[in-house]
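> Pasting in a structure now, in structure tokens, and then I'll have a few things to ask.
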Amino acid sequence: MTTAAGCREHPDLAPLTTEELAARIARDIPPGSYVNLGIGQPTRIAEHLAPDAGIVLHTENGMLGMGPAATGDAIDPDLTNAGKVPVTELPGAAYFHHADSFAMMRGGHLDVCVLGAFQVSHHGDLANWHTGDPDAIPAVGGAMDLAVGAREVLVMMKLFTRDGAAKLVPACTYPLTGAGCVSRVYTDHGVFEPGPDGVRVLETYGTTADTLGERLGVGLIR
Amino acid sequence: MTTAAGCREHPDLAPLTTEELAARIARDIPPGSYVNLGIGQPTRIAEHLAPDAGIVLHTENGMLGMGPAATGDAIDPDLTNAGKVPVTELPGAAYFHHADSFAMMRGGHLDVCVLGAFQVSHHGDLANWHTGDPDAIPAVGGAMDLAVGAREVLVMMKLFTRDGAAKLVPACTYPLTGAGCVSRVYTDHGVFEPGPDGVRVLETYGTTADTLGERLGVGLIR
Amino acid sequence: MRTTIADTVDAAVAGIEDGATVLVGGFGLAGMPFDLIDALIRQGAGDLTVVSNNAGNGDVGLAALLRAGRVRKVVCSFPRQSDSYVFDELYRAGRIELEVVPQGTLAERMRAAGAGIGAFYSPVGAGTPLADGKETREIDGRVHVLEHPIKGDVALISAHRADTMGNVVYRRTARNFGPVMATAATTVVAQVGEIVPAGQLDPESVVTPGIYVDRVVRTEVRRLTVQGAR
Amino acid sequence: MRTTIADTVDAAVAGIEDGATVLVGGFGLAGMPFDLIDALIRQGAGDLTVVSNNAGNGDVGLAALLRAGRVRKVVCSFPRQSDSYVFDELYRAGRIELEVVPQGTLAERMRAAGAGIGAFYSPVGAGTPLADGKETREIDGRVHVLEHPIKGDVALISAHRADTMGNVVYRRTARNFGPVMATAATTVVAQVGEIVPAGQLDPESVVTPGIYVDRVVRTEVRRLTVQGAR
């Protein structure tokens, strides 16, 4: 990920749809990257990757070279993604066991992962596994391993909850997944880079950086 | 290894030759065992294992199911034992890399290893990698891993040096390979079990337990 | 010691004791040893600690074991799924204990048990509630958490094929936790779709060597998909 | 990032810098990347730290690199062999540093580097001179030694075949340190006997996935035996 100079504001555009956001993120993934797309919305990014970009998808349940979701006769219960959805195999794929798969992740070999989030802090802390609701059953899966291990941890999320609360926050109120691990946050309203010095805004959609800063209650760095 | 009751003395026999000693050790290795035979004399044991005993040989450079030394056209430089001698492959063999091979050793999965030794202490300490000679180039190889990892660590050695000094000693004067790791010591003059309470003698060859105890300067437990 | 070929799944799971820690392979349903679990339910051992990635899907496999009331505690990374209703009910009723472990740490802790590693420092989970109460150490400027091995009394795994020496190969992502669990338990039982004579598996492609496998049993291949699970 | 196929061994080793830590595959001569080492000698980088199981055999491969005076320090388990005369001379002349590491600890420390493990406790070497000065801890009644990762700037390995995506398979015991070194270096270079199109290697049998391999180069197969080495 290279940091763009300044902020590109697009107040005239509508906020991005999920599909547009997936396409936006896909454009930022360098050709030849090894990428893990988290369960949920980030899986949509796969459909927007250029077929000739040589991007190789990793699934933490033991595979590199994962292809699109399987349909019909191609469904093989022995071949699923991390969300347990049947997928396919591309030429040049490789299978490995769980300890090797997570060694690969924790060892910093994946170029990029894209995760959903409940909250990201201005300093890049990530909360995406537990709402802290005492009634919720905690389940972390591979989220902490990805958050710590991938060279670039990108977040794909809506910027505000349905109630209008910001999900880019001064400090996460939900339990953390990883501390200071997020490189970039892609949202329907804009793209941000959290960091030790605060939040840089790179792009806005359907709004201006000033307006966003006011809604988020933070002085955004241009 | 089961402990025999009492000591079988064979004062009438000659001390065992290396080949007889190898055969003696082979008889004690239970059928179906996974075994690592150390570099040097212990490799001779392989020739005395009953072909129908289903004993599987491990070589630490990444193989289970190692067969006899290769000769003639069967020599393949990509297939050697830990002593870099070309060997062969038996049906049911498996190859694996060094980290996996030593995980197998350190994790306690080998039933038996047989190692040579410079010295074994009465308490089962092993010294077999370094004479302490300041001029010697230290080289440990996989000896420490085997000493710590195998369930039973057997030693095959001559009981005395050429100068007549005992190699079964109150405390090793050479640098240790492992502490308290040796289960049993097979020598030309007798078979011993070192341990926290001292040395038990199980068999003698060409001598009596009493005579051996005097030469070793230790009260041998029968 | 030598791998034995069991005639029945019931013989394959004989001797599992009350209170045992049982490592159960599978990621969702892929690689789940359904038949061994069914046999374990018949066998009757209870008060079990189950270590597995998930806490059961639908009504089969691990979910059936939970429903039978045999499990005291589940150690897993991801219990909550669209079809984990058996676990969910037990958990909400306070009838089952849960230890959540990050998925890679779960795998690595079992690897450590199998590889003779006494403990290891991992950066995963540092600064999160899952590291609460754990020893930490800063290494190269990064906080690491001290993690300990998870060793099983028994591992139940499902694989593609075995040979008569217990060498095992897997199929696609059904490999998942099988190989690491096979290294981490005192007694390892594998159900496989086919058993071939020694020498029929390519020695370069064996994933779990027979040294790790105590009992192998052939079972019919049952490939189930998770309905709508994410 | 994507694996590149180098046209020549010289292109494959371009950019290795003075003072680099170089992981060199092979156990004796099996798996030794002869051609990459020859290219490294031509390339000229010096003051190297070499991590390898042995310290060279005869006059080829690693021994030739040592003779060329490019190596400041060797980290290995077993330098002394019947035909390690190049190393022996340098060592006795005080012209090369030696760090002896138990063979499994050598492999595991590289695995740790590749697997993101900050440090680990191993029972190997406890109570021996090789643990002198190292932190220890008693775990389950057994003394363990704290061991740290060994990371390479470069790894040079030799393998059997690769595909165009950098997936690699090995041959017999020539596999040895290749797979673990491939995980543990910033830049990984593999010489292979054959390069095939992606899709030609069985995905179940890939040992080193392409994610670990930066450069692949095809070389003629040279299989050498150690004369009389033990």
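Ligands are numbered from 1 in the order shown, residues from 1 within each chain, and chains are lettered A, B, ... in the order they appear in the structure tokens.
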As a PyMOL selection string, could you give me every residue of chain D near chain A (at most 6 Å apart, counting only C-alpha atoms)?

chain D and resi 1-2+114-116+198-199+203-204+206

> Write out as a Markdown table a residue-level contact list of chain C versus chain D with cut-off 10 Å: for each qualifying residue the closest pair of atoms and the distance in Å to one decimal, counting only C-alpha atoms, rows sorted by chain and residue number upward.


```
| residue | atom | partner | partner_atom | distance |
| --- | --- | --- | --- | --- |
| C:Glu108 | CA | D:Ile117 | CA | 9.6 |
| C:Ala112 | CA | D:Phe120 | CA | 9.4 |
| C:Ala115 | CA | D:Ser122 | CA | 9.5 |
| C:Gly116 | CA | D:Ser122 | CA | 7.1 |
| C:Ile117 | CA | D:Ser122 | CA | 5.3 |
| C:Gly118 | CA | D:Tyr121 | CA | 5.1 |
| C:Ala119 | CA | D:Tyr121 | CA | 5.4 |
| C:Phe120 | CA | D:Phe120 | CA | 4.2 |
| C:Tyr121 | CA | D:Gly118 | CA | 5.2 |
| C:Ser122 | CA | D:Ile117 | CA | 5.3 |
| C:Pro123 | CA | D:Gly118 | CA | 7.3 |
| C:Val124 | CA | D:Gly116 | CA | 9.2 |
| C:Arg137 | CA | D:Gly118 | CA | 9.3 |
| C:Glu138 | CA | D:Gly118 | CA | 9.0 |
| C:Ile139 | CA | D:Gly118 | CA | 6.4 |
| C:Asp140 | CA | D:Gly118 | CA | 8.3 |
| C:Arg142 | CA | D:Gly118 | CA | 8.9 |
| C:Val143 | CA | D:Gly118 | CA | 9.2 |
| C:His144 | CA | D:Gly118 | CA | 6.9 |
| C:Val145 | CA | D:Gly118 | CA | 9.1 |
| C:Leu146 | CA | D:Phe120 | CA | 8.9 |
| C:Glu147 | CA | D:Phe120 | CA | 9.5 |
| C:His148 | CA | D:Ile139 | CA | 9.7 |
| C:Val169 | CA | D:Glu204 | CA | 8.6 |
| C:Tyr170 | CA | D:Glu204 | CA | 8.0 |
| C:Arg171 | CA | D:Glu204 | CA | 7.3 |
| C:Arg172 | CA | D:Glu204 | CA | 6.8 |
| C:Thr173 | CA | D:Glu204 | CA | 9.6 |
| C:Arg175 | CA | D:Glu204 | CA | 9.5 |
| C:Asp202 | CA | D:Ser205 | CA | 9.4 |
| C:Pro203 | CA | D:Arg172 | CA | 8.2 |
| C:Glu204 | CA | D:Arg172 | CA | 6.8 |
| C:Ser205 | CA | D:Ser205 | CA | 5.1 |
| C:Val206 | CA | D:Ser205 | CA | 8.3 |
| C:Val207 | CA | D:Ser205 | CA | 8.6 |
```

> Mind dumping the selected residues with C-alpha atoms as a PDB file, in the first residue's frame?


```
ATOM      1  CA  GLU C 108       0.374 -24.419  17.561  1.00  0.00           C
ATOM      2  CA  ALA C 112       4.039 -28.004  20.724  1.00  0.00           C
ATOM      3  CA  ALA C 115       6.945 -31.667  19.072  1.00  0.00           C
ATOM      4  CA  GLY C 116       8.269 -31.668  22.630  1.00  0.00           C
ATOM      5  CA  ILE C 117       8.208 -27.881  22.956  1.00  0.00           C
ATOM      6  CA  GLY C 118       7.657 -26.934  26.588  1.00  0.00           C
ATOM      7  CA  ALA C 119       6.060 -23.569  25.863  1.00  0.00           C
ATOM      8  CA  PHE C 120       6.330 -20.800  23.287  1.00  0.00           C
ATOM      9  CA  TYR C 121       5.902 -17.070  22.923  1.00  0.00           C
ATOM     10  CA  SER C 122       3.339 -15.929  20.378  1.00  0.00           C
ATOM     11  CA  PRO C 123       2.366 -12.393  19.430  1.00  0.00           C
ATOM     12  CA  VAL C 124      -1.213 -13.517  18.795  1.00  0.00           C
ATOM     13  CA  ARG C 137       7.305 -10.862  27.363  1.00  0.00           C
ATOM     14  CA  GLU C 138       8.460  -8.180  24.968  1.00  0.00           C
ATOM     15  CA  ILE C 139      10.620  -9.645  22.196  1.00  0.00           C
ATOM     16  CA  ASP C 140      12.022  -7.364  19.507  1.00  0.00           C
ATOM     17  CA  ARG C 142       6.576  -6.711  20.311  1.00  0.00           C
ATOM     18  CA  VAL C 143       4.523  -8.122  23.173  1.00  0.00           C
ATOM     19  CA  HIS C 144       4.320 -11.918  23.130  1.00  0.00           C
ATOM     20  CA  VAL C 145       2.120 -14.241  25.156  1.00  0.00           C
ATOM     21  CA  LEU C 146       3.478 -17.440  26.702  1.00  0.00           C
ATOM     22  CA  GLU C 147       1.439 -20.383  25.453  1.00  0.00           C
ATOM     23  CA  HIS C 148       1.506 -23.966  26.725  1.00  0.00           C
ATOM     24  CA  VAL C 169      -2.993 -38.963   3.458  1.00  0.00           C
ATOM     25  CA  TYR C 170      -5.810 -36.456   3.495  1.00  0.00           C
ATOM     26  CA  ARG C 171      -8.032 -34.868   0.897  1.00  0.00           C
ATOM     27  CA  ARG C 172      -8.107 -31.118   0.154  1.00  0.00           C
ATOM     28  CA  THR C 173      -9.056 -28.849   3.066  1.00  0.00           C
ATOM     29  CA  ARG C 175      -6.647 -32.157   6.058  1.00  0.00           C
ATOM     30  CA  ASP C 202       3.888 -42.322  -2.364  1.00  0.00           C
ATOM     31  CA  PRO C 203       6.485 -41.866   0.415  1.00  0.00           C
ATOM     32  CA  GLU C 204       6.987 -38.260  -0.734  1.00  0.00           C
ATOM     33  CA  SER C 205       3.310 -37.490  -0.154  1.00  0.00           C
ATOM     34  CA  VAL C 206       2.588 -39.145   3.173  1.00  0.00           C
ATOM     35  CA  VAL C 207       1.289 -36.394   5.437  1.00  0.00           C
TER      36      VAL C 207
END
```

> Between B:Ala82, B:Leu21, B:Ile39, B:Ala209, single out the one closest to Lys158 (chain B), counting only C-alpha atoms.

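Counting only C-alpha atoms, the residue closest to Lys158 (chain B) is B:Leu21.
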
> Quote the spacing between CA of Ile37 (chain D) and CA of Trp129 (chain B) in Å to one decimal place.

29.4 Å

> At a cut-off of 9 Å, using only C-alpha atoms, what residues contact Val201 (chain A)? Leave out same-chain residues fewer than 2 positions from it and give the result as a PyMOL selection string.

chain A and resi 6-8+190-194+199+203-204+209+220-222

> Step one, run DSSP on the backbone; step two, keep only residues of region 91-151 of chain A assigned to alpha helix (DSSP H); then write them as a PyMOL selection string.

chain A and resi 98-106+143-149

> When you look at region 160-165 of chain C with a cut-off of 6 Å (counting only C-alpha atoms), what residues show up, excluding the ones that are within fewer than 5 positions of it in the same chain? I need them as a list of chain:residue names.

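The residues satisfying every condition are C:Thr3, C:Tyr170, C:Arg171, C:Val192, C:Gly193, C:Glu194, C:Ile195, C:Val196, C:Pro197, C:Ala198, C:Gly210.
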
> Counting only C-alpha atoms, what is within 12 Å of Gly72 (chain B), bar same-chain residues fewer than 6 positions away, as an mmCIF file with C-alpha atoms, in the first residue's frame?


```
data_model
loop_
_atom_site.group_PDB
_atom_site.id
_atom_site.type_symbol
_atom_site.label_atom_id
_atom_site.label_comp_id
_atom_site.auth_asym_id
_atom_site.auth_seq_id
_atom_site.Cartn_x
_atom_site.Cartn_y
_atom_site.Cartn_z
ATOM 1 C CA PRO B 86 23.560 -44.067 0.727
ATOM 2 C CA VAL B 87 20.683 -46.244 1.917
ATOM 3 C CA THR B 88 17.493 -47.723 0.512
#
```

> Taking 2 positions as the minimum chain separation for residues in the same chain, which residues sit within 9 Å of region 41-48 of chain B when counting only C-alpha atoms? Answer as a ChimeraX atom specification.

/B:18-19,21-27,36-39,50-51,57,67-68,114-116,155-157

> Please determine, counting only C-alpha atoms, which residue among A:Gln119, A:His98, A:Thr161, A:Tyr174 has the shortest atom-to-atom distance to Thr131 (chain A).

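For Thr131 (chain A), the nearest of the given residues is A:Tyr174.
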
> So how far away is CA of Gly198 (chain A) from CA of Thr17 (chain A), in Å?

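We find that CA of Thr17 (chain A) and CA of Gly198 (chain A) lie 26.3 Å from each other.
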
> Name the residues in contact with Pro79 (chain C) at a cut-off of 6 Å, using only C-alpha atoms, excluding same-chain residues fewer than 4 positions from it; report them as JSON, numbers by chain.

{"A": [139], "C": [54, 55]}

> Name the residues of chain B that fall into strand (DSSP E or B) according to DSSP on the backbone, using the chain letters and numbers of this document, as an NGL selection string.

:B and (8-10 or 34-37 or 56-59 or 63-69 or 80 or 86-95 or 112-115 or 119-121 or 126-127 or 152-157 or 160 or 166 or 168-169 or 178 or 184-187 or 190-193 or 200-205 or 221)

> Just the selected residues (C-alpha atoms), exported as a JSON list (two decimals), in the first residue's frame, please.


```json
[["chain", "number", "residue", "atom", "x", "y", "z"],
["B", 8, "ARG", "CA", 22.81, -63.36, 34.46],
["B", 9, "GLU", "CA", 26.57, -63.90, 34.71],
["B", 10, "HIS", "CA", 28.47, -65.55, 31.86],
["B", 34, "TYR", "CA", 10.21, -47.20, 15.79],
["B", 35, "VAL", "CA", 13.96, -47.01, 16.20],
["B", 36, "ASN", "CA", 16.82, -44.64, 15.47],
["B", 37, "LEU", "CA", 20.26, -46.20, 15.26],
["B", 56, "VAL", "CA", 10.77, -49.33, 11.44],
["B", 57, "LEU", "CA", 14.01, -47.39, 11.24],
["B", 58, "HIS", "CA", 14.07, -43.61, 11.48],
["B", 59, "THR", "CA", 16.86, -41.47, 10.14],
["B", 63, "MET", "CA", 12.76, -40.59, 6.76],
["B", 64, "LEU", "CA", 10.92, -43.49, 8.34],
["B", 65, "GLY", "CA", 11.21, -46.91, 6.73],
["B", 66, "MET", "CA", 14.91, -46.78, 5.96],
["B", 67, "GLY", "CA", 16.31, -49.95, 4.42],
["B", 68, "PRO", "CA", 19.84, -51.36, 4.26],
["B", 69, "ALA", "CA", 22.82, -49.52, 2.79],
["B", 80, "THR", "CA", 21.26, -41.19, 2.69],
["B", 86, "PRO", "CA", 23.56, -44.07, 0.73],
["B", 87, "VAL", "CA", 20.68, -46.24, 1.92],
["B", 88, "THR", "CA", 17.49, -47.72, 0.51],
["B", 89, "GLU", "CA", 13.76, -47.29, 0.99],
["B", 90, "LEU", "CA", 11.37, -49.98, 2.28],
["B", 91, "PRO", "CA", 7.65, -50.28, 1.44],
["B", 92, "GLY", "CA", 5.66, -47.97, 3.70],
["B", 93, "ALA", "CA", 8.44, -45.41, 3.95],
["B", 94, "ALA", "CA", 7.71, -41.72, 4.45],
["B", 95, "TYR", "CA", 9.84, -38.62, 3.92],
["B", 112, "VAL", "CA", 14.10, -46.56, 21.04],
["B", 113, "CYS", "CA", 17.36, -44.96, 20.01],
["B", 114, "VAL", "CA", 20.77, -46.55, 20.30],
["B", 115, "LEU", "CA", 23.76, -44.25, 20.61],
["B", 119, "GLN", "CA", 31.06, -41.91, 28.86],
["B", 120, "VAL", "CA", 27.87, -42.76, 30.71],
["B", 121, "SER", "CA", 27.50, -41.81, 34.34],
["B", 126, "LEU", "CA", 25.43, -39.27, 28.56],
["B", 127, "ALA", "CA", 28.60, -37.80, 27.04],
["B", 152, "GLU", "CA", 14.34, -45.45, 25.62],
["B", 153, "VAL", "CA", 17.91, -44.31, 25.11],
["B", 154, "LEU", "CA", 20.20, -47.30, 24.80],
["B", 155, "VAL", "CA", 23.96, -46.95, 24.69],
["B", 156, "MET", "CA", 26.25, -49.31, 22.78],
["B", 157, "MET", "CA", 29.91, -48.96, 23.71],
["B", 160, "PHE", "CA", 36.76, -49.61, 28.82],
["B", 166, "ALA", "CA", 36.12, -47.22, 32.56],
["B", 168, "LEU", "CA", 30.82, -46.08, 32.93],
["B", 169, "VAL", "CA", 31.81, -43.42, 35.45],
["B", 178, "GLY", "CA", 22.04, -35.18, 28.03],
["B", 184, "ARG", "CA", 20.46, -49.06, 29.47],
["B", 185, "VAL", "CA", 24.12, -49.51, 28.56],
["B", 186, "TYR", "CA", 25.19, -52.46, 26.41],
["B", 187, "THR", "CA", 28.91, -53.20, 26.49],
["B", 190, "GLY", "CA", 28.07, -56.55, 30.45],
["B", 191, "VAL", "CA", 24.70, -54.85, 30.34],
["B", 192, "PHE", "CA", 23.87, -52.13, 32.85],
["B", 193, "GLU", "CA", 21.02, -49.91, 33.90],
["B", 200, "ARG", "CA", 22.21, -52.20, 38.12],
["B", 201, "VAL", "CA", 24.04, -55.00, 36.31],
["B", 202, "LEU", "CA", 21.86, -57.27, 34.19],
["B", 203, "GLU", "CA", 24.38, -59.49, 32.41],
["B", 204, "THR", "CA", 28.09, -60.09, 32.29],
["B", 205, "TYR", "CA", 30.25, -61.60, 29.57],
["B", 221, "ILE", "CA", 23.12, -53.47, 42.12]]
```

> Between CA of Val189 (chain D) and CA of Thr219 (chain D), what distance in Å does the model show, to one decimal?

12.4 Å
